[in-house]
>>> print(open('coords17.cif').read())   # mmCIF, C-alpha atoms
data_run
loop_
_atom_site.label_atom_id
_atom_site.label_comp_id
_atom_site.auth_asym_id
_atom_site.auth_seq_id
_atom_site.Cartn_x
_atom_site.Cartn_y
_atom_site.Cartn_z
CA MET H 184 23.62 5.37 44.34
CA PRO H 185 19.94 4.42 44.69
CA ALA H 186 19.09 1.41 46.82
CA PRO H 187 18.68 -1.86 44.94
CA GLY H 188 15.06 -2.38 44.01
CA ALA H 189 14.35 1.35 44.06
CA PRO H 190 12.02 2.44 41.25
CA ALA H 191 14.79 4.18 39.28
CA MET H 192 16.85 0.98 39.16
CA ARG H 193 14.10 -1.52 38.48
CA ARG H 194 13.68 -2.94 35.02
CA PRO H 195 10.13 -3.31 33.70
CA VAL H 196 8.63 -6.59 34.92
CA VAL H 197 7.50 -8.92 32.16
CA ILE H 198 4.66 -11.30 33.11
CA VAL H 199 4.82 -13.58 30.06
CA PRO H 200 8.01 -13.57 27.94
CA VAL H 201 6.39 -13.22 24.52
CA ARG H 202 9.59 -14.23 22.71
CA GLY H 203 9.27 -17.69 24.25
CA LEU H 204 5.76 -18.32 22.90
CA PRO H 205 6.90 -19.59 19.45
CA ILE H 206 9.06 -22.20 21.21
CA VAL H 207 6.07 -23.27 23.32
CA ALA H 208 3.92 -23.49 20.17
CA LEU H 209 6.61 -25.56 18.45
CA VAL H 210 6.88 -28.00 21.37
CA LEU H 211 3.10 -28.42 21.69
CA THR H 212 2.77 -28.91 17.93
CA GLY H 213 5.45 -31.60 18.15
CA VAL H 214 3.48 -33.38 20.88
CA VAL H 215 0.23 -33.23 18.85
CA VAL H 216 2.01 -34.60 15.76
CA ALA H 217 3.61 -37.42 17.79
CA ILE H 218 0.18 -38.36 19.19
CA ALA H 219 -1.58 -38.10 15.81
CA ARG H 220 1.03 -40.28 14.11
CA ASN H 221 1.38 -42.61 17.11
CA ALA H 222 5.11 -42.21 16.57
CA GLU H 223 6.75 -44.35 19.24
CA TRP H 224 10.07 -42.53 19.16
CA GLY H 225 8.37 -39.12 19.20
CA LEU H 226 6.16 -40.05 22.14
CA THR H 227 9.08 -41.57 24.06
CA PHE H 228 11.20 -38.49 23.34
CA CYS H 229 8.48 -36.09 24.54
CA HIS H 230 7.78 -38.16 27.65
CA VAL H 231 11.39 -38.82 28.66
CA VAL H 232 12.71 -35.33 27.90
CA GLY H 233 9.67 -33.60 29.40
CA GLY H 234 9.64 -35.87 32.47
CA ALA H 235 13.37 -35.49 33.09
CA LEU H 236 13.12 -31.70 32.86
CA TRP H 237 10.01 -31.58 35.08
CA THR H 238 11.52 -33.75 37.82
CA ALA H 239 14.95 -32.12 37.68
CA ILE H 240 13.58 -28.57 37.69
CA ASP H 241 11.16 -29.33 40.56
CA LEU H 242 13.83 -30.93 42.73
CA PHE H 243 16.49 -28.34 41.87
CA VAL H 244 14.21 -25.37 42.44
CA GLY H 245 12.63 -26.87 45.55
CA PHE H 246 15.74 -28.05 47.35
CA VAL H 247 18.61 -25.96 45.91
CA VAL H 248 17.34 -22.66 44.50
CA GLY H 249 14.43 -22.26 46.96
CA PRO H 250 16.54 -22.28 50.15
CA ILE H 251 19.05 -19.92 48.51
CA ILE H 252 16.25 -17.47 47.65
CA GLY H 253 14.98 -17.81 51.22
CA ARG H 254 18.29 -16.48 52.56
CA MET H 255 18.52 -13.57 50.09
CA SER H 256 17.72 -9.99 51.02
CA ILE H 257 14.32 -8.71 49.86
CA PRO H 258 15.82 -6.55 47.02
CA ALA H 259 17.91 -9.52 45.83
CA ARG H 260 14.82 -11.75 45.95
CA ILE H 261 12.90 -9.20 43.90
CA GLU H 262 15.71 -8.97 41.34
CA PHE H 263 15.91 -12.75 41.07
CA SER H 264 12.14 -13.27 40.88
CA THR H 265 11.76 -10.60 38.20
CA ARG H 266 14.02 -12.59 35.90
CA PHE H 267 13.23 -16.14 37.03
CA MET H 268 9.45 -16.35 37.41
CA PRO H 269 8.36 -15.22 33.91
CA LYS H 270 10.51 -17.98 32.43
CA MET H 271 9.03 -20.57 34.80
CA LEU H 272 5.56 -19.41 33.77
CA LEU H 273 6.26 -20.64 30.24
CA ILE H 274 8.58 -23.58 30.92
CA MET H 275 6.62 -25.53 33.53
CA PRO H 276 3.15 -25.75 31.90
CA THR H 277 4.81 -26.66 28.59
CA VAL H 278 7.02 -29.35 30.09
CA VAL H 279 4.13 -30.79 32.14
CA THR H 280 1.72 -30.89 29.16
CA MET H 281 4.43 -32.50 26.99
CA THR H 282 5.16 -35.18 29.60
CA LEU H 283 1.58 -36.07 30.45
CA ALA H 284 0.11 -36.08 26.94
CA ALA H 285 2.94 -38.24 25.56
CA GLY H 286 2.98 -40.44 28.67
CA PHE H 287 -0.72 -41.21 28.45
CA GLN H 288 -0.36 -42.27 24.81
CA LEU H 289 2.66 -44.44 25.63
CA ALA H 290 0.78 -46.12 28.49
CA ARG H 291 -2.11 -46.83 26.14
CA ALA H 292 0.15 -48.18 23.39
CA SER H 293 2.06 -50.35 25.88
CA GLY H 294 -1.15 -51.84 27.25
CA TYR H 295 -0.51 -50.47 30.76
CA LEU H 296 -3.95 -48.81 30.75
CA ASP H 297 -5.61 -52.22 30.47
CA THR H 298 -6.97 -53.06 33.91
CA ALA H 299 -5.79 -56.66 33.41
CA ASN H 300 -2.17 -55.58 32.87
CA PRO H 301 0.00 -56.49 35.90
CA ARG H 302 1.56 -53.02 35.80
CA HIS H 303 -1.76 -51.16 35.61
CA ALA H 304 -1.63 -50.31 39.33
CA TRP H 305 1.68 -48.47 38.82
CA VAL H 306 0.14 -46.34 36.07
CA VAL H 307 -2.83 -45.48 38.28
CA ALA H 308 -0.38 -44.62 41.09
CA SER H 309 1.40 -42.26 38.69
CA PHE H 310 -1.97 -40.61 37.91
CA GLY H 311 -2.42 -40.04 41.64
CA VAL H 312 1.04 -38.51 42.01
CA VAL H 313 0.38 -36.20 39.05
CA GLY H 314 -2.99 -35.28 40.55
CA VAL H 315 -1.39 -34.17 43.83
CA MET H 316 1.26 -32.15 41.99
CA ALA H 317 -1.35 -30.59 39.69
CA VAL H 318 -3.45 -29.38 42.63
CA ILE H 319 -0.41 -27.85 44.34
CA ALA H 320 0.94 -26.28 41.17
CA LEU H 321 -2.32 -24.96 39.75
CA ALA H 322 -4.14 -23.92 42.91
CA TYR H 323 -1.22 -22.49 44.89
CA LEU H 324 2.10 -22.11 43.07
CA GLU H 325 1.12 -20.68 39.71
CA PRO H 326 -1.34 -18.10 41.11
CA ALA H 327 1.36 -17.01 43.60
CA ASN H 328 3.92 -16.80 40.82
CA VAL H 329 1.71 -14.51 38.72
CA ALA H 330 0.68 -12.43 41.76
CA VAL H 331 4.34 -11.82 42.68
CA LEU H 332 5.01 -10.55 39.16
CA PHE H 333 2.03 -8.18 39.35
CA GLU H 334 3.22 -6.93 42.75
CA LEU H 335 6.67 -6.32 41.29
CA ARG H 336 5.15 -4.20 38.53
CA LYS H 337 3.82 -1.71 41.07
CA PRO H 338 5.82 1.51 41.49
CA GLU H 339 6.45 0.52 45.11
CA PRO H 340 6.04 -3.22 45.66
CA ASP H 341 5.03 -4.36 49.13
CA GLY H 342 7.81 -6.62 50.42
CA ARG H 343 5.41 -8.30 52.87
CA VAL H 344 3.06 -9.35 50.06
CA ILE H 345 5.97 -10.79 48.07
CA GLU H 346 7.31 -12.59 51.14
CA LYS H 347 3.89 -14.07 51.92
CA LEU H 348 3.37 -15.29 48.37
CA MET H 349 6.87 -16.72 48.07
CA ARG H 350 6.40 -18.63 51.33
CA ARG H 351 4.08 -20.93 49.37
CA PHE H 352 7.12 -22.16 47.42
CA VAL H 353 8.88 -23.13 50.63
CA TYR H 354 5.83 -24.89 52.10
CA THR H 355 5.09 -26.90 48.98
CA ALA H 356 8.69 -27.77 48.00
CA GLY H 357 8.76 -30.74 50.38
CA ILE H 358 5.48 -32.23 49.06
CA THR H 359 6.52 -31.73 45.45
CA GLY H 360 9.92 -33.27 46.20
CA VAL H 361 8.36 -36.39 47.72
CA MET H 362 5.97 -36.69 44.75
CA GLN H 363 8.86 -36.39 42.30
CA VAL H 364 10.79 -39.12 44.10
CA ALA H 365 7.63 -41.27 43.94
CA THR H 366 7.45 -40.52 40.20
CA LEU H 367 11.02 -41.75 39.77
CA VAL H 368 10.21 -44.98 41.64
CA ILE H 369 7.03 -45.58 39.58
CA MET H 370 8.66 -44.83 36.23
CA THR H 371 11.68 -47.04 36.89
CA ARG H 372 9.34 -49.84 38.01
CA LEU H 373 7.40 -49.51 34.77
CA ALA H 374 10.55 -49.45 32.65
CA SER H 375 12.24 -52.42 34.38
CA MET Y 29 13.63 -1.58 49.04
CA THR Y 30 11.50 1.49 49.40
CA ALA Y 31 8.74 1.78 51.98
CA PRO Y 32 5.53 0.02 51.01
CA ALA Y 33 3.00 2.25 49.29
CA HIS Y 34 0.40 1.66 51.96
CA ALA Y 35 2.82 3.01 54.58
CA GLU Y 36 3.02 6.30 52.72
CA SER Y 37 -0.63 6.58 51.80
CA GLY Y 38 -1.84 5.56 55.25
CA ALA Y 39 -4.20 2.98 53.72
CA PRO Y 40 -4.43 -0.39 55.48
CA SER Y 41 -2.20 -3.11 54.06
CA LEU Y 42 -3.83 -5.39 51.50
CA LEU Y 43 -2.45 -8.29 53.55
CA ASP Y 44 -4.88 -7.48 56.33
CA ARG Y 45 -8.10 -7.45 54.35
CA ARG Y 46 -10.50 -10.33 54.87
CA LEU Y 47 -11.66 -12.16 51.77
CA PRO Y 48 -13.66 -15.37 51.32
CA PRO Y 49 -11.71 -18.67 51.03
CA VAL Y 50 -11.82 -18.72 47.21
CA THR Y 51 -8.40 -20.38 46.90
CA GLU Y 52 -9.26 -23.16 49.34
CA ILE Y 53 -12.64 -23.85 47.71
CA GLY Y 54 -11.00 -23.78 44.27
CA ALA Y 55 -8.35 -26.25 45.48
CA ALA Y 56 -11.09 -28.55 46.79
CA SER Y 57 -12.81 -28.37 43.39
CA MET Y 58 -9.49 -29.17 41.72
CA ILE Y 59 -9.07 -32.23 43.97
CA SER Y 60 -12.54 -33.44 42.93
CA ILE Y 61 -11.73 -32.92 39.26
CA ALA Y 62 -8.36 -34.67 39.56
CA ALA Y 63 -9.94 -37.61 41.39
CA GLY Y 64 -12.69 -37.88 38.76
CA VAL Y 65 -10.29 -37.74 35.81
CA ILE Y 66 -7.95 -40.30 37.44
CA TYR Y 67 -10.91 -42.57 38.16
CA LEU Y 68 -12.12 -42.44 34.54
CA ALA Y 69 -8.62 -42.60 33.02
CA ALA Y 70 -7.76 -45.66 35.11
CA TYR Y 71 -10.40 -47.60 33.15
CA LEU Y 72 -9.65 -46.28 29.64
CA PRO Y 73 -10.16 -47.44 26.94
CA LYS Y 74 -12.89 -49.42 28.72
CA HIS Y 75 -15.88 -47.67 30.28
CA ALA Y 76 -15.71 -46.95 33.99
CA PRO Y 77 -18.80 -47.21 36.21
CA LEU Y 78 -19.97 -43.59 36.06
CA GLY Y 79 -21.64 -43.09 39.47
CA VAL Y 80 -18.47 -42.05 41.29
CA ALA Y 81 -17.28 -39.85 38.41
CA VAL Y 82 -20.63 -38.03 38.15
CA ALA Y 83 -20.70 -37.47 41.92
CA LEU Y 84 -17.18 -35.97 41.80
CA LEU Y 85 -18.19 -33.83 38.82
CA ALA Y 86 -21.25 -32.53 40.68
CA LEU Y 87 -19.15 -31.77 43.77
CA ALA Y 88 -16.55 -29.88 41.70
CA ALA Y 89 -19.29 -27.90 39.95
CA ALA Y 90 -21.04 -27.05 43.24
CA LEU Y 91 -17.75 -25.80 44.71
CA GLN Y 92 -17.13 -23.60 41.69
CA VAL Y 93 -20.65 -22.16 41.81
CA THR Y 94 -20.04 -21.39 45.51
CA ASN Y 95 -16.84 -19.63 44.54
CA ALA Y 96 -18.62 -17.60 41.87
CA ILE Y 97 -21.28 -16.48 44.37
CA LEU Y 98 -18.64 -15.55 46.96
CA LEU Y 99 -16.66 -13.63 44.36
CA PHE Y 100 -19.53 -11.64 42.91
CA ARG Y 101 -20.64 -10.55 46.37
CA LEU Y 102 -17.31 -8.83 46.86
CA ARG Y 103 -17.21 -5.06 47.02
CA ASP Y 104 -14.07 -2.95 46.72
CA PHE Y 105 -12.39 -5.48 44.46
CA ALA Y 106 -10.29 -4.59 41.38
CA TRP Y 107 -12.58 -6.30 38.87
CA ASP Y 108 -10.81 -4.85 35.84
CA ARG Y 109 -7.61 -6.60 36.90
CA PHE Y 110 -9.50 -9.77 37.78
CA PHE Y 111 -11.03 -10.04 34.31
CA GLN Y 112 -7.81 -9.02 32.56
CA VAL Y 113 -5.75 -11.75 34.26
CA GLY Y 114 -8.61 -14.27 34.12
CA ALA Y 115 -9.15 -13.82 30.38
CA TRP Y 116 -5.50 -14.43 29.47
CA ALA Y 117 -5.25 -17.39 31.82
CA LEU Y 118 -8.46 -18.78 30.34
CA LEU Y 119 -6.90 -18.61 26.87
CA ALA Y 120 -3.84 -20.53 28.07
CA TYR Y 121 -5.87 -23.19 29.88
CA ALA Y 122 -8.27 -23.55 26.94
CA VAL Y 123 -5.26 -24.64 24.87
CA ILE Y 124 -4.16 -27.15 27.55
CA ALA Y 125 -7.70 -28.51 28.07
CA GLY Y 126 -8.11 -28.71 24.30
CA MET Y 127 -4.98 -30.85 24.03
CA ILE Y 128 -6.20 -33.21 26.75
CA GLU Y 129 -9.62 -33.45 25.10
CA TYR Y 130 -7.94 -34.15 21.77
CA ALA Y 131 -6.01 -37.05 23.35
CA PHE Y 132 -9.19 -38.58 24.78
CA VAL Y 133 -11.13 -38.23 21.52
CA TYR Y 134 -8.16 -39.59 19.56
CA ASP Y 135 -8.08 -42.57 21.92
CA GLU Y 136 -11.69 -43.29 21.00
CA THR Y 137 -13.29 -42.34 24.27
CA ARG Y 138 -16.94 -42.01 23.35
CA GLY Y 139 -20.43 -41.60 24.80
CA THR Y 140 -21.15 -40.75 28.42
CA PRO Y 141 -17.53 -41.14 29.66
CA LEU Y 142 -16.45 -38.55 27.07
CA ILE Y 143 -19.23 -36.17 28.17
CA VAL Y 144 -18.26 -36.52 31.85
CA MET Y 145 -14.57 -36.11 30.98
CA THR Y 146 -15.30 -33.04 28.83
CA LEU Y 147 -17.34 -31.42 31.60
CA MET Y 148 -14.51 -32.08 34.06
CA LEU Y 149 -12.04 -30.50 31.67
CA ALA Y 150 -14.36 -27.51 31.27
CA LEU Y 151 -14.46 -27.06 35.06
CA PHE Y 152 -10.66 -27.37 35.21
CA MET Y 153 -10.35 -24.79 32.42
CA LEU Y 154 -12.54 -22.32 34.34
CA ASN Y 155 -11.18 -23.03 37.82
CA VAL Y 156 -7.49 -22.31 37.27
CA PRO Y 157 -8.01 -18.84 35.72
CA VAL Y 158 -10.31 -17.90 38.64
CA LEU Y 159 -7.64 -18.96 41.15
CA ILE Y 160 -4.89 -17.07 39.32
CA ALA Y 161 -7.02 -13.95 38.83
CA PHE Y 162 -8.23 -13.98 42.45
CA THR Y 163 -4.70 -14.36 43.89
CA VAL Y 164 -3.46 -11.47 41.76
CA THR Y 165 -6.45 -9.21 42.41
CA ARG Y 166 -6.57 -9.65 46.18
CA TYR Y 167 -3.35 -7.61 46.35
CA GLN Y 168 -4.54 -4.88 43.96
CA ARG Y 169 -6.13 -1.66 45.08
CA THR Y 170 -9.28 -0.39 43.41
CA ARG Y 171 -8.86 2.96 41.69
#
>>> encode(input="coords17.cif", output="structure tokens")
Amino acid sequence: MPAPGAPAMRRPVVIVPVRGLPIVALVLTGVVVAIARNAEWGLTFCHVVGGALWTAIDLFVGFVVGPIIGRMSIPARIEFSTRFMPKMLLIMPTVVTMTLAAGFQLARASGYLDTANPRHAWVVASFGVVGVMAVIALAYLEPANVAVLFELRKPEPDGRVIEKLMRRFVYTAGITGVMQVATLVIMTRLAS
Amino acid sequence: MTAPAHAESGAPSLLDRRLPPVTEIGAASMISIAAGVIYLAAYLPKHAPLGVAVALLALAAALQVTNAILLFRLRDFAWDRFFQVGAWALLAYAVIAGMIEYAFVYDETRGTPLIVMTLMLALFMLNVPVLIAFTVTRYQRTR
């Protein structure tokens, strides 16, 4: 029996799952319609659902799935990443865009963007938290995610390259986790 | 897992090659853009004093120009892969930047703040694809 991860056993690596694109288009269209119609329920739905998914996925992947992957063998890691990362490549940008676009409109409609509003500082703090997470996600995590998938498409992937790129997830999980906890504090302060 | 390709071919590992700090410079540009957008958004729908925002915009642009110069001086770099990945990422981030721009225009951001915000979004839209394409391409061999 060939070793796991050997070329004969490996399934073709998909970078972007094309079948998921219509769902992404549908979600983004929903967000645009909610903004255009200033639909309070639609905006709240997009913000709450998107935000809950974003926070839960970040914390779960960072503190539960991440350490498990870290203890897997290289072939198991490759097998897992091949199936997991393409989905994350569609899910995370969609969820983040949905949360932020709807959240900004809600903040505006609620008057929180007004500098005179007593809760304005909390909204600005949430912008800062999002800014930190955006820099980590867009400058380090997403490029590493795509690079791992390209490495996996090679006839003989270099395990050291994959290990180096995946180390970024471990290093940034703590920062993202703290930012997500800060998000929870800010959002509950705003809602209370 | 099978032996790495470089072990069989005798070529040096792609991990060992020295490349300019494109990711770090790109991250610094992203920090400038994020700070500028947060600064402007914190004042919306009113107009923010623009001095700080313009300075952050100029810094972000200068960092991205530095990155472009560093990149185009590279030899032995898989440019076909770089442009392939960069073009698709650019398409994706054009959609995201377009949505953000739409929200600002819809919220009646006008005049100079809208111009500064749009330029920051344009830099964001260009920066992320460069970072993704560079990270992918640094581990690709030229043919």
>>> closest_residue(input="coords17.cif", among="Y:Ala86, Y:Ile97, Y:Ile53, Y:Leu149", to="Val123 in chain Y", atoms="all atoms listed in the file")
Y:Leu149
>>> interface_residues(input="coords17.cif", of="chain H", to="chain Y", cutoff="9 Å", atoms="all atoms listed in the file", output="PyMOL selection string")
chain H and resi 186-190+211+215+218-219+257-258+276+280+284+287-288+291+296-298+303-304+306-307+310-311+313-315+317-319+321-323+325-334+338-344+347
>>> write_last_selection(input="coords17.cif", atoms="C-alpha atoms", output="PDB file, keeping the file's coordinate frame")
ATOM      1  CA  ALA H 186      19.090   1.410  46.820  1.00  0.00           C
ATOM      2  CA  PRO H 187      18.680  -1.860  44.940  1.00  0.00           C
ATOM      3  CA  GLY H 188      15.060  -2.380  44.010  1.00  0.00           C
ATOM      4  CA  ALA H 189      14.350   1.350  44.060  1.00  0.00           C
ATOM      5  CA  PRO H 190      12.020   2.440  41.250  1.00  0.00           C
ATOM      6  CA  LEU H 211       3.100 -28.420  21.690  1.00  0.00           C
ATOM      7  CA  VAL H 215       0.230 -33.230  18.850  1.00  0.00           C
ATOM      8  CA  ILE H 218       0.180 -38.360  19.190  1.00  0.00           C
ATOM      9  CA  ALA H 219      -1.580 -38.100  15.810  1.00  0.00           C
ATOM     10  CA  ILE H 257      14.320  -8.710  49.860  1.00  0.00           C
ATOM     11  CA  PRO H 258      15.820  -6.550  47.020  1.00  0.00           C
ATOM     12  CA  PRO H 276       3.150 -25.750  31.900  1.00  0.00           C
ATOM     13  CA  THR H 280       1.720 -30.890  29.160  1.00  0.00           C
ATOM     14  CA  ALA H 284       0.110 -36.080  26.940  1.00  0.00           C
ATOM     15  CA  PHE H 287      -0.720 -41.210  28.450  1.00  0.00           C
ATOM     16  CA  GLN H 288      -0.360 -42.270  24.810  1.00  0.00           C
ATOM     17  CA  ARG H 291      -2.110 -46.830  26.140  1.00  0.00           C
ATOM     18  CA  LEU H 296      -3.950 -48.810  30.750  1.00  0.00           C
ATOM     19  CA  ASP H 297      -5.610 -52.220  30.470  1.00  0.00           C
ATOM     20  CA  THR H 298      -6.970 -53.060  33.910  1.00  0.00           C
ATOM     21  CA  HIS H 303      -1.760 -51.160  35.610  1.00  0.00           C
ATOM     22  CA  ALA H 304      -1.630 -50.310  39.330  1.00  0.00           C
ATOM     23  CA  VAL H 306       0.140 -46.340  36.070  1.00  0.00           C
ATOM     24  CA  VAL H 307      -2.830 -45.480  38.280  1.00  0.00           C
ATOM     25  CA  PHE H 310      -1.970 -40.610  37.910  1.00  0.00           C
ATOM     26  CA  GLY H 311      -2.420 -40.040  41.640  1.00  0.00           C
ATOM     27  CA  VAL H 313       0.380 -36.200  39.050  1.00  0.00           C
ATOM     28  CA  GLY H 314      -2.990 -35.280  40.550  1.00  0.00           C
ATOM     29  CA  VAL H 315      -1.390 -34.170  43.830  1.00  0.00           C
ATOM     30  CA  ALA H 317      -1.350 -30.590  39.690  1.00  0.00           C
ATOM     31  CA  VAL H 318      -3.450 -29.380  42.630  1.00  0.00           C
ATOM     32  CA  ILE H 319      -0.410 -27.850  44.340  1.00  0.00           C
ATOM     33  CA  LEU H 321      -2.320 -24.960  39.750  1.00  0.00           C
ATOM     34  CA  ALA H 322      -4.140 -23.920  42.910  1.00  0.00           C
ATOM     35  CA  TYR H 323      -1.220 -22.490  44.890  1.00  0.00           C
ATOM     36  CA  GLU H 325       1.120 -20.680  39.710  1.00  0.00           C
ATOM     37  CA  PRO H 326      -1.340 -18.100  41.110  1.00  0.00           C
ATOM     38  CA  ALA H 327       1.360 -17.010  43.600  1.00  0.00           C
ATOM     39  CA  ASN H 328       3.920 -16.800  40.820  1.00  0.00           C
ATOM     40  CA  VAL H 329       1.710 -14.510  38.720  1.00  0.00           C
ATOM     41  CA  ALA H 330       0.680 -12.430  41.760  1.00  0.00           C
ATOM     42  CA  VAL H 331       4.340 -11.820  42.680  1.00  0.00           C
ATOM     43  CA  LEU H 332       5.010 -10.550  39.160  1.00  0.00           C
ATOM     44  CA  PHE H 333       2.030  -8.180  39.350  1.00  0.00           C
ATOM     45  CA  GLU H 334       3.220  -6.930  42.750  1.00  0.00           C
ATOM     46  CA  PRO H 338       5.820   1.510  41.490  1.00  0.00           C
ATOM     47  CA  GLU H 339       6.450   0.520  45.110  1.00  0.00           C
ATOM     48  CA  PRO H 340       6.040  -3.220  45.660  1.00  0.00           C
ATOM     49  CA  ASP H 341       5.030  -4.360  49.130  1.00  0.00           C
ATOM     50  CA  GLY H 342       7.810  -6.620  50.420  1.00  0.00           C
ATOM     51  CA  ARG H 343       5.410  -8.300  52.870  1.00  0.00           C
ATOM     52  CA  VAL H 344       3.060  -9.350  50.060  1.00  0.00           C
ATOM     53  CA  LYS H 347       3.890 -14.070  51.920  1.00  0.00           C
TER      54      LYS H 347
END
>>> resolve_selection(input="coords17.cif", expression="the PyMOL selection byres ((chain H and resi 351-368) around 9)", output="VMD selection string")
chain H and resid 237 to 239 241 to 242 244 to 246 249 to 250 253 308 to 309 312 to 313 315 to 316 319 to 320 323 to 324 327 347 to 350 369 to 373
>>> write_last_selection(input="coords17.cif", atoms="C-alpha atoms", output="mmCIF file, keeping the file's coordinate frame")
data_model
loop_
_atom_site.group_PDB
_atom_site.id
_atom_site.type_symbol
_atom_site.label_atom_id
_atom_site.label_comp_id
_atom_site.auth_asym_id
_atom_site.auth_seq_id
_atom_site.Cartn_x
_atom_site.Cartn_y
_atom_site.Cartn_z
ATOM 1 C CA TRP H 237 10.010 -31.580 35.080
ATOM 2 C CA THR H 238 11.520 -33.750 37.820
ATOM 3 C CA ALA H 239 14.950 -32.120 37.680
ATOM 4 C CA ASP H 241 11.160 -29.330 40.560
ATOM 5 C CA LEU H 242 13.830 -30.930 42.730
ATOM 6 C CA VAL H 244 14.210 -25.370 42.440
ATOM 7 C CA GLY H 245 12.630 -26.870 45.550
ATOM 8 C CA PHE H 246 15.740 -28.050 47.350
ATOM 9 C CA GLY H 249 14.430 -22.260 46.960
ATOM 10 C CA PRO H 250 16.540 -22.280 50.150
ATOM 11 C CA GLY H 253 14.980 -17.810 51.220
ATOM 12 C CA ALA H 308 -0.380 -44.620 41.090
ATOM 13 C CA SER H 309 1.400 -42.260 38.690
ATOM 14 C CA VAL H 312 1.040 -38.510 42.010
ATOM 15 C CA VAL H 313 0.380 -36.200 39.050
ATOM 16 C CA VAL H 315 -1.390 -34.170 43.830
ATOM 17 C CA MET H 316 1.260 -32.150 41.990
ATOM 18 C CA ILE H 319 -0.410 -27.850 44.340
ATOM 19 C CA ALA H 320 0.940 -26.280 41.170
ATOM 20 C CA TYR H 323 -1.220 -22.490 44.890
ATOM 21 C CA LEU H 324 2.100 -22.110 43.070
ATOM 22 C CA ALA H 327 1.360 -17.010 43.600
ATOM 23 C CA LYS H 347 3.890 -14.070 51.920
ATOM 24 C CA LEU H 348 3.370 -15.290 48.370
ATOM 25 C CA MET H 349 6.870 -16.720 48.070
ATOM 26 C CA ARG H 350 6.400 -18.630 51.330
ATOM 27 C CA ILE H 369 7.030 -45.580 39.580
ATOM 28 C CA MET H 370 8.660 -44.830 36.230
ATOM 29 C CA THR H 371 11.680 -47.040 36.890
ATOM 30 C CA ARG H 372 9.340 -49.840 38.010
ATOM 31 C CA LEU H 373 7.400 -49.510 34.770
#
>>> residues_around(input="coords17.cif", residues="range 231-235 of chain H", least_positions_apart="5", cutoff="6 Å", atoms="all atoms listed in the file", output="PyMOL selection string")
chain H and resi 278+281-282
>>> closest_residue(input="coords17.cif", among="H:Ala374, H:Val247, H:Met271, H:Ala292", to="Ala222 in chain H", atoms="all atoms listed in the file")
H:Ala292
>>> atom_distance(input="coords17.cif", atom1="CA of Tyr295 in chain H", atom2="CA of Pro141 in chain Y")
19.4 Å
>>> closest_residue(input="coords17.cif", among="H:Ile252, H:Leu236, H:Leu226, H:Val196", to="Val279 in chain H", atoms="only C-alpha atoms")
H:Leu236
>>> residues_around(input="coords17.cif", residues="range 204-207 of chain H", least_positions_apart="5", cutoff="10 Å", atoms="only C-alpha atoms", output="list in words")
Val199, Thr212, Gly213, Leu273, Ile274, Pro276, Thr277 and Val278 of chain H
>>> atom_distance(input="coords17.cif", atom1="CA of Ala299 in chain H", atom2="CA of Ser375 in chain H")
18.5 Å
>>> axis_aligned_box(input="coords17.cif", around="range 81-95 of chain Y", padding_each_side="4 Å", output="JSON")
{"center_x": -18.9, "center_y": -29.7, "center_z": 41.8, "size_x": 12.7, "size_y": 28.2, "size_z": 15.4}
>>> closest_residue(input="coords17.cif", among="Y:Trp116, Y:Leu91, Y:Gly64, Y:Asp108", to="Pro77 in chain Y", atoms="all atoms listed in the file")
Y:Gly64
>>> residues_near_point(input="coords17.cif", point="(-17.4, -6.4, 47.7)", cutoff="12 Å", atoms="all atoms listed in the file", output="count of residues only")
17
>>> atom_distance(input="coords17.cif", atom1="CA of Thr140 in chain Y", atom2="CA of Met153 in chain Y")
19.7 Å
>>> closest_residue(input="coords17.cif", among="Y:Ala122, Y:Ala115, Y:Leu154, Y:Ile143", to="Asn95 in chain Y", atoms="all atoms listed in the file")
Y:Leu154
